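S.K.: The structure file structure_36.txt (compact mmCIF, C-alpha atoms) is provided below.
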```txt
# COMPACT_ATOMS: atom_id res chain seq x y z
CA MET A 183 186.71 137.55 -111.16
CA ASP A 184 183.35 137.33 -112.96
CA ARG A 185 183.75 138.51 -116.55
CA ARG A 186 180.34 137.70 -117.96
CA TRP A 187 179.93 141.43 -118.60
CA ILE A 188 182.03 140.95 -121.75
CA GLN A 189 179.11 139.03 -123.29
CA ASN A 190 176.60 141.78 -122.45
CA PRO A 191 175.34 143.30 -125.75
CA ASN A 192 174.17 146.46 -123.94
CA ARG A 193 177.33 148.53 -123.72
CA CYS A 194 175.48 151.25 -121.77
CA ALA A 195 174.62 148.89 -118.91
CA ASP A 196 176.20 149.60 -115.51
CA GLU A 197 177.57 146.04 -115.44
CA TYR A 198 179.43 146.60 -118.72
CA LEU A 199 180.78 150.05 -117.77
CA ASP A 200 181.94 148.76 -114.37
CA GLY A 201 183.65 145.86 -116.14
CA ILE A 202 185.56 148.29 -118.38
CA GLU A 203 186.73 150.20 -115.30
CA ASP A 204 187.92 146.92 -113.76
CA PHE A 205 189.83 146.09 -116.96
CA ILE A 206 191.47 149.54 -117.12
CA GLU A 207 192.49 149.27 -113.46
CA PHE A 208 193.83 145.74 -114.12
CA ALA A 209 195.85 146.97 -117.14
CA ARG A 210 197.34 149.89 -115.16
CA ARG A 211 198.27 147.62 -112.26
CA HIS A 212 199.97 145.00 -114.44
CA ASN A 213 201.62 147.48 -116.82
CA PRO A 214 203.03 150.16 -114.52
CA GLY A 215 204.39 153.18 -116.36
CA ALA A 216 203.00 152.07 -119.73
CA THR A 217 201.44 154.85 -121.81
CA ARG A 218 200.03 152.51 -124.48
CA ILE A 219 198.57 149.01 -124.36
CA CYS A 220 197.13 146.73 -127.03
CA CYS A 221 193.44 147.45 -127.47
CA PRO A 222 191.09 144.43 -127.04
CA CYS A 223 188.09 146.05 -128.72
CA ARG A 224 186.43 144.22 -131.60
CA ARG A 225 187.91 146.58 -134.17
CA CYS A 226 191.54 146.68 -132.97
CA ASN A 227 191.47 142.99 -131.97
CA ASN A 228 194.59 143.27 -129.79
CA THR A 229 196.66 144.15 -132.86
CA LEU A 230 196.82 147.94 -132.39
CA TRP A 231 198.30 149.90 -129.49
CA GLU A 232 196.38 152.82 -127.98
CA THR A 233 196.60 155.02 -124.91
CA ILE A 234 194.80 153.59 -121.91
CA GLU A 235 192.20 156.36 -122.12
CA ASN A 236 191.52 155.56 -125.79
CA VAL A 237 191.26 151.86 -124.99
CA GLY A 238 188.45 152.62 -122.54
CA PHE A 239 186.68 154.70 -125.20
CA HIS A 240 187.10 151.94 -127.82
CA LEU A 241 185.63 149.33 -125.48
CA VAL A 242 182.50 151.42 -124.96
CA ARG A 243 182.13 152.20 -128.66
CA ASN A 244 183.15 148.88 -130.24
CA GLY A 245 182.78 146.34 -127.44
CA MET A 246 185.41 143.91 -126.18
CA ILE A 247 186.32 140.73 -128.05
CA GLU A 248 183.83 138.22 -126.63
CA THR A 249 186.40 135.41 -126.42
CA TYR A 250 189.01 137.55 -124.60
CA SER A 251 188.16 136.38 -121.09
CA ILE A 252 191.77 135.64 -120.11
CA TRP A 253 193.68 138.93 -120.24
CA ASN A 254 197.05 137.31 -120.90
CA LEU A 255 198.12 140.12 -123.25
CA HIS A 256 197.68 142.60 -120.41
CA GLY A 257 199.62 140.78 -117.70
CA GLU A 258 197.33 137.99 -116.51
CA GLN A 259 198.98 134.67 -115.73
CA LEU A 260 197.30 131.73 -117.48
CA GLU A 261 197.37 129.43 -114.44
CA HIS A 262 195.54 132.04 -112.34
CA ALA A 263 193.09 132.83 -115.07
CA SER A 264 192.16 129.21 -115.63
CA SER A 265 191.01 128.81 -112.03
CA SER A 266 189.17 132.17 -111.87
CA ASN A 267 187.32 131.43 -115.09
CA ALA A 268 186.51 127.79 -114.36
CA THR A 269 182.83 128.65 -114.01
CA ARG A 270 182.68 130.05 -117.53
CA VAL A 271 183.07 126.81 -119.46
CA ASP A 272 179.49 127.06 -120.61
CA ASN A 273 180.24 130.38 -122.36
CA VAL A 274 182.93 128.97 -124.66
CA GLN A 275 181.93 129.39 -128.29
CA PRO A 276 181.63 126.07 -130.15
CA ILE A 277 183.92 125.41 -133.09
CA VAL A 278 181.96 125.99 -136.29
CA ASP A 279 183.02 124.75 -139.70
CA ALA A 280 183.95 127.66 -142.00
CA ASN A 281 182.03 126.14 -144.92
CA ASP A 282 178.88 125.92 -142.77
CA GLU A 283 179.28 129.57 -141.76
CA VAL A 284 179.48 130.63 -145.41
CA MET A 285 176.36 128.62 -146.21
CA ASP A 286 174.61 130.40 -143.33
CA ILE A 287 175.59 133.75 -144.86
CA ILE A 288 174.07 132.73 -148.19
CA GLN A 289 170.85 131.65 -146.46
CA ASP A 290 170.71 135.02 -144.67
CA VAL A 291 171.17 136.95 -147.93
CA PHE A 292 168.73 134.83 -149.97
CA PRO A 293 166.14 133.49 -147.50
CA PHE A 294 163.40 133.29 -150.15
CA ALA A 295 165.61 131.33 -152.56
CA SER A 296 166.31 128.61 -150.02
CA THR A 297 162.63 128.58 -149.01
CA ASN A 298 161.64 128.11 -152.66
CA MET A 299 163.92 125.08 -153.02
CA ASN A 300 162.38 123.49 -149.92
CA GLN A 301 158.86 124.24 -151.15
CA GLU A 302 159.59 122.68 -154.54
CA GLU A 303 160.69 119.49 -152.82
CA GLN A 304 157.43 119.47 -150.82
CA ASP A 305 155.26 120.35 -153.86
CA ASP A 306 154.17 123.65 -152.26
CA VAL A 307 153.62 126.90 -154.15
CA PRO A 308 157.02 128.70 -154.18
CA THR A 309 157.40 132.36 -153.21
CA PRO A 310 158.01 134.58 -156.28
CA ILE A 311 161.66 135.63 -156.62
CA ASP A 312 163.46 137.84 -159.10
CA SER A 313 165.27 135.81 -161.79
CA ALA A 314 168.44 137.92 -161.59
CA GLU A 315 168.52 137.50 -157.81
CA PHE A 316 168.05 133.75 -158.12
CA GLU A 317 170.89 133.62 -160.68
CA GLN A 318 173.20 135.33 -158.16
CA TYR A 319 172.09 132.81 -155.56
CA GLU A 320 172.95 129.89 -157.84
CA LYS A 321 176.41 131.33 -158.61
CA LEU A 322 177.19 131.76 -154.92
CA LEU A 323 175.87 128.29 -154.16
CA LYS A 324 178.07 126.83 -156.90
CA ASN A 325 181.19 128.54 -155.47
CA ALA A 326 180.19 127.46 -151.96
CA ASN A 327 180.00 123.81 -153.04
CA GLN A 328 183.04 123.81 -155.34
CA GLU A 329 186.27 122.57 -153.78
CA LEU A 330 189.20 125.02 -153.77
CA TYR A 331 191.16 122.28 -155.54
CA PRO A 332 190.31 118.61 -156.19
CA GLY A 333 190.33 116.73 -152.90
CA CYS A 334 190.22 119.82 -150.67
CA GLU A 335 187.58 119.30 -147.98
CA SER A 336 188.47 122.20 -145.69
CA PHE A 337 187.82 125.09 -148.05
CA SER A 338 185.38 125.76 -150.84
CA VAL A 339 186.10 128.53 -153.36
CA LEU A 340 183.70 130.89 -151.60
CA THR A 341 184.97 130.04 -148.11
CA ALA A 342 188.58 130.73 -149.14
CA ILE A 343 187.65 134.09 -150.67
CA VAL A 344 185.60 135.14 -147.61
CA GLU A 345 188.44 134.18 -145.24
CA LEU A 346 191.05 136.05 -147.29
CA MET A 347 188.90 139.16 -147.74
CA HIS A 348 188.16 139.15 -144.00
CA GLY A 349 191.90 139.14 -143.28
CA LYS A 350 192.46 141.93 -145.81
CA ILE A 351 189.96 144.20 -144.04
CA LYS A 352 190.94 143.17 -140.51
CA TYR A 353 194.63 143.94 -141.03
CA ARG A 354 194.07 146.85 -143.44
CA MET A 355 195.92 145.42 -146.41
CA SER A 356 196.10 147.46 -149.59
CA ASN A 357 194.76 145.98 -152.83
CA LEU A 358 198.33 145.76 -154.17
CA CYS A 359 199.50 143.82 -151.10
CA PHE A 360 196.45 141.56 -151.28
CA ASP A 361 197.10 140.83 -154.97
CA TYR A 362 200.69 139.87 -154.16
CA PHE A 363 199.78 137.36 -151.44
CA LEU A 364 196.87 136.01 -153.47
CA GLY A 365 199.31 135.29 -156.31
CA VAL A 366 201.71 133.58 -153.90
CA PHE A 367 198.93 131.39 -152.45
CA LYS A 368 197.75 130.49 -155.94
CA ARG A 369 201.25 129.30 -156.89
CA MET A 370 201.51 127.31 -153.64
CA LEU A 371 198.30 125.41 -154.30
CA PRO A 372 197.93 122.62 -156.88
CA THR A 373 197.86 123.90 -160.45
CA ASP A 374 194.17 123.06 -160.90
CA ASN A 375 193.04 125.27 -157.98
CA CYS A 376 190.15 127.73 -158.39
CA LEU A 377 191.51 130.59 -156.28
CA PRO A 378 191.03 134.03 -157.93
CA LYS A 379 194.19 135.62 -159.25
CA ASP A 380 193.60 139.12 -157.84
CA HIS A 381 191.35 141.29 -155.69
CA LYS A 382 189.18 142.33 -158.62
CA GLN A 383 188.20 138.73 -159.42
CA ALA A 384 187.60 137.95 -155.74
CA GLN A 385 185.35 141.00 -155.43
CA LYS A 386 183.29 139.85 -158.41
CA VAL A 387 182.58 136.53 -156.69
CA LEU A 388 181.38 138.34 -153.55
CA ASN A 389 179.22 140.88 -155.40
CA GLY A 390 176.25 138.54 -155.13
CA LEU A 391 176.29 138.94 -151.34
CA GLY A 392 175.17 142.53 -151.77
CA LEU A 393 175.92 145.48 -149.47
CA GLY A 394 177.91 147.27 -152.13
CA TYR A 395 178.30 151.01 -152.49
CA GLU A 396 177.17 153.70 -154.88
CA LYS A 397 179.73 155.92 -156.63
CA ILE A 398 178.77 159.61 -156.75
CA HIS A 399 180.95 162.14 -158.54
CA ALA A 400 181.98 165.13 -156.45
CA CYS A 401 183.47 168.54 -157.12
CA LYS A 402 187.24 168.65 -156.85
CA ASN A 403 186.93 171.45 -154.26
CA ASN A 404 184.20 169.68 -152.27
CA CYS A 405 181.58 172.26 -153.24
CA MET A 406 178.85 169.80 -154.21
CA LEU A 407 177.90 166.35 -155.45
CA PHE A 408 176.88 165.63 -159.04
CA TYR A 409 173.76 163.93 -157.78
CA LYS A 410 170.01 164.01 -158.43
CA GLU A 411 169.24 167.34 -160.16
CA HIS A 412 172.99 168.00 -160.72
CA GLU A 413 173.77 164.54 -162.14
CA SER A 414 173.94 165.73 -165.77
CA LEU A 415 176.26 168.73 -165.14
CA ASP A 416 179.85 168.70 -166.41
CA THR A 417 181.08 171.66 -164.32
CA CYS A 418 180.52 172.75 -160.76
CA PRO A 419 177.99 175.65 -160.67
CA ILE A 420 179.74 177.09 -157.60
CA CYS A 421 183.43 177.17 -158.57
CA ASN A 422 183.18 176.29 -162.29
CA GLU A 423 185.68 173.46 -161.84
CA SER A 424 185.40 170.66 -164.39
CA ARG A 425 183.77 167.47 -163.23
CA PHE A 426 186.17 165.31 -165.22
CA LYS A 427 189.94 165.15 -165.48
CA MET A 428 191.72 166.82 -168.38
CA THR A 429 194.40 165.28 -170.61
CA SER A 430 197.72 166.98 -171.35
CA GLN A 431 196.10 168.30 -174.56
CA ASN A 432 193.33 169.94 -172.49
CA ARG A 433 190.78 167.40 -173.64
CA THR A 434 188.05 166.31 -171.28
CA THR A 435 188.01 162.65 -170.27
CA LYS A 436 185.22 160.70 -168.60
CA ILE A 437 187.32 160.08 -165.50
CA PRO A 438 185.89 162.02 -162.53
CA GLN A 439 188.22 164.22 -160.53
CA LYS A 440 186.75 163.07 -157.23
CA VAL A 441 184.40 160.23 -156.27
CA MET A 442 182.39 159.75 -153.08
CA ARG A 443 181.40 156.21 -152.18
CA TYR A 444 177.98 156.08 -150.56
CA LEU A 445 177.02 153.06 -148.45
CA PRO A 446 173.18 152.86 -148.34
CA LEU A 447 171.98 152.45 -144.77
CA LYS A 448 168.62 150.74 -145.36
CA PRO A 449 169.88 147.41 -146.84
CA ARG A 450 172.53 147.18 -144.13
CA LEU A 451 169.95 147.53 -141.38
CA GLN A 452 167.76 144.98 -143.15
CA ARG A 453 170.68 142.53 -143.31
CA LEU A 454 171.38 142.93 -139.58
CA TYR A 455 167.75 142.07 -138.77
CA MET A 456 167.66 139.20 -141.31
CA SER A 457 170.83 137.47 -140.15
CA THR A 458 170.42 134.83 -137.47
CA HIS A 459 173.82 135.90 -136.07
CA THR A 460 172.92 139.55 -135.43
CA ALA A 461 169.11 139.69 -135.17
CA THR A 462 169.18 139.03 -131.40
CA ASP A 463 171.67 141.85 -130.82
CA MET A 464 169.53 144.24 -132.88
CA ARG A 465 166.54 143.55 -130.60
CA TRP A 466 168.32 143.63 -127.22
CA HIS A 467 166.47 146.78 -126.15
```
Now, as a test, write the supplied structure out as structure tokens.

M.R.:
Amino acid sequence: MDRRWIQNPNRCADEYLDGIEDFIEFARRHNPGATRICCPCRRCNNTLWETIENVGFHLVRNGMIETYSIWNLHGEQLEHASSSNATRVDNVQPIVDANDEVMDIIQDVFPFASTNMNQEEQDDVPTPIDSAEFEQYEKLLKNANQELYPGCESFSVLTAIVELMHGKIKYRMSNLCFDYFLGVFKRMLPTDNCLPKDHKQAQKVLNGLGLGYEKIHACKNNCMLFYKEHESLDTCPICNESRFKMTSQNRTTKIPQKVMRYLPLKPRLQRLYMSTHTATDMRWH
């Protein structure tokens, strides 16, 4: 069975939609009576179980895992799959070193910084760059080149943090759980390792990669945001609820009662077009 549709970035194409129908039919046939199956979409990653109808919806919305061409988790026998997919050897993704991937991320975030360094070596006029931005670039570059512990060639400090944070988000770990395992890993490694001790320190290292969020105070009753012309107010003009929490002595603190985290869209779209890994997908149409 030809499964090249999995690689199709256009999830509205007839080829892709027909492929999803084939997968759903395959899952029903090999899992008779099952009401839930593991979902192979890019978000669930075959770790979460959904109804078959929801799986079809997830595959349209999120796309199928590109490497999941042998449906062994849904009843396919490996010996049969190997022969039916023999023509797809050319589509196997090459093994890429994790440290090289992290360096690629840095180059995507700071393209002008890397260009400047090349221009300096060639005695060309460098492109102007903000000093604070270049300082962030140097910090990330230092962590990307620093070994996790003396003699470690597989992981740099930055690579280890990126891998761990990726696992935290992928498997929806709480900060408390992440701190626990980070502490365990730190004790397992040699005493002179450079692994951060908790999530807060790890987040500080990754701040230079950008794509953060903006905290905006909100009314406790969801009436409004303390934003723009309302930024200086201490009470909600609609329900008169205090913006900040009160102590047991009825004293106002500076701790907001509710916070909305706003993820700016513009820099995220810019990053998708700047990255060599996603720029092609952004221009498929």

S.K.: Work out how far CA of Lys448 in chain A is from CA of Arg193 in chain A, in Å to one decimal.

M.R.: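 Atom-to-atom, CA of Arg193 in chain A and CA of Lys448 in chain A are spaced 23.4 Å apart.
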
S.K.: Taking 4 positions as the minimum chain separation for residues in the same chain, which residues sit within 9 Å of Lys402 in chain A when counting all atoms listed in the file? Answer as a VMD selection string.

M.R.: chain A and resid 406 418 423 to 425 438 to 441

S.K.: Tell me, in Å to one decimal, how far CA of Ile398 in chain A is from CA of Lys436 in chain A.

M.R.: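 We find that CA of Ile398 in chain A and CA of Lys436 in chain A lie 13.5 Å from each other.
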
S.K.: Please identify all polymer residues within 8 Å of Lys397 in chain A, counting all atoms listed in the file, omitting same-chain residues fewer than 5 positions from it, and present them as a PyMOL selection string.

M.R.: chain A and resi 441-444

S.K.: A:Gln318, A:Ala195, A:His256, A:Gly201: which is nearest Cys220 in chain A, counting all atoms listed in the file?

M.R.: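 When distances to Cys220 in chain A are compared using all atoms listed in the file, the smallest one comes from A:His256.
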
S.K.: Would you mind listing what lies within 9 Å of Leu393 in chain A as a ChimeraX atom specification, with only C-alpha atoms counted and same-chain residues fewer than 5 positions away left out?

M.R.: /A:445-446,449-450,453

S.K.: Report as JSON, numbers by chain all protein, DNA and RNA residues lying within 9 Å of range 286-293 of chain A, evaluated on only C-alpha atoms, omitting residues in the same chain fewer than 2 positions from it.

M.R.: {"A": [281, 282, 283, 284, 295, 296, 297, 298, 315, 316, 319, 322, 323, 326, 390, 391, 392, 453, 456, 457, 458]}

S.K.: Return the single residue from A:Leu371, A:Met347, A:Leu255, A:Leu199 that is closest to Gln385 in chain A, with distances computed using all atoms listed in the file.

M.R.: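 For Gln385 in chain A, the nearest of the given residues is A:Met347.
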
S.K.: Expressed in Å to a single decimal, how great is the separation between CA of His399 in chain A and CA of Met355 in chain A?

M.R.: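 Here the two named atoms are 25.5 Å from each other.
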
S.K.: At a cut-off of 10 Å, using all atoms listed in the file, what residues contact Asn236 in chain A? Leave out same-chain residues fewer than 4 positions from it and give the result as JSON, numbers by chain.

M.R.: {"A": [218, 219, 221, 231, 232, 240, 241, 242]}

S.K.: Considering all atoms listed in the file, state which residue in the set A:Ala280, A:Asn432, A:Leu451, A:Tyr250 is at the smallest distance from Ser336 in chain A.

M.R.: A:Ala280

S.K.: So, with only C-alpha atoms as the atoms that count, which of A:Thr229, A:Arg210, A:Met285, A:Ile202 lies closest to Met246 in chain A?

M.R.: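 For Met246 in chain A, the nearest of the candidates is A:Ile202.
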
S.K.: Let me make sure I understand: among A:Leu407, A:Cys401, A:Met464, A:Ile343, which one has the smallest atom-to-atom distance to His381 in chain A if we use all atoms listed in the file?

M.R.: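 Looking at the shortest contact to His381 in chain A, the residue is A:Ile343.
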
S.K.: Nearest residue to Phe205 in chain A out of A:Trp253, A:Phe408, A:Arg186, A:Asn192, using all atoms listed in the file?

M.R.: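 For Phe205 in chain A, the nearest of the given residues is A:Trp253.
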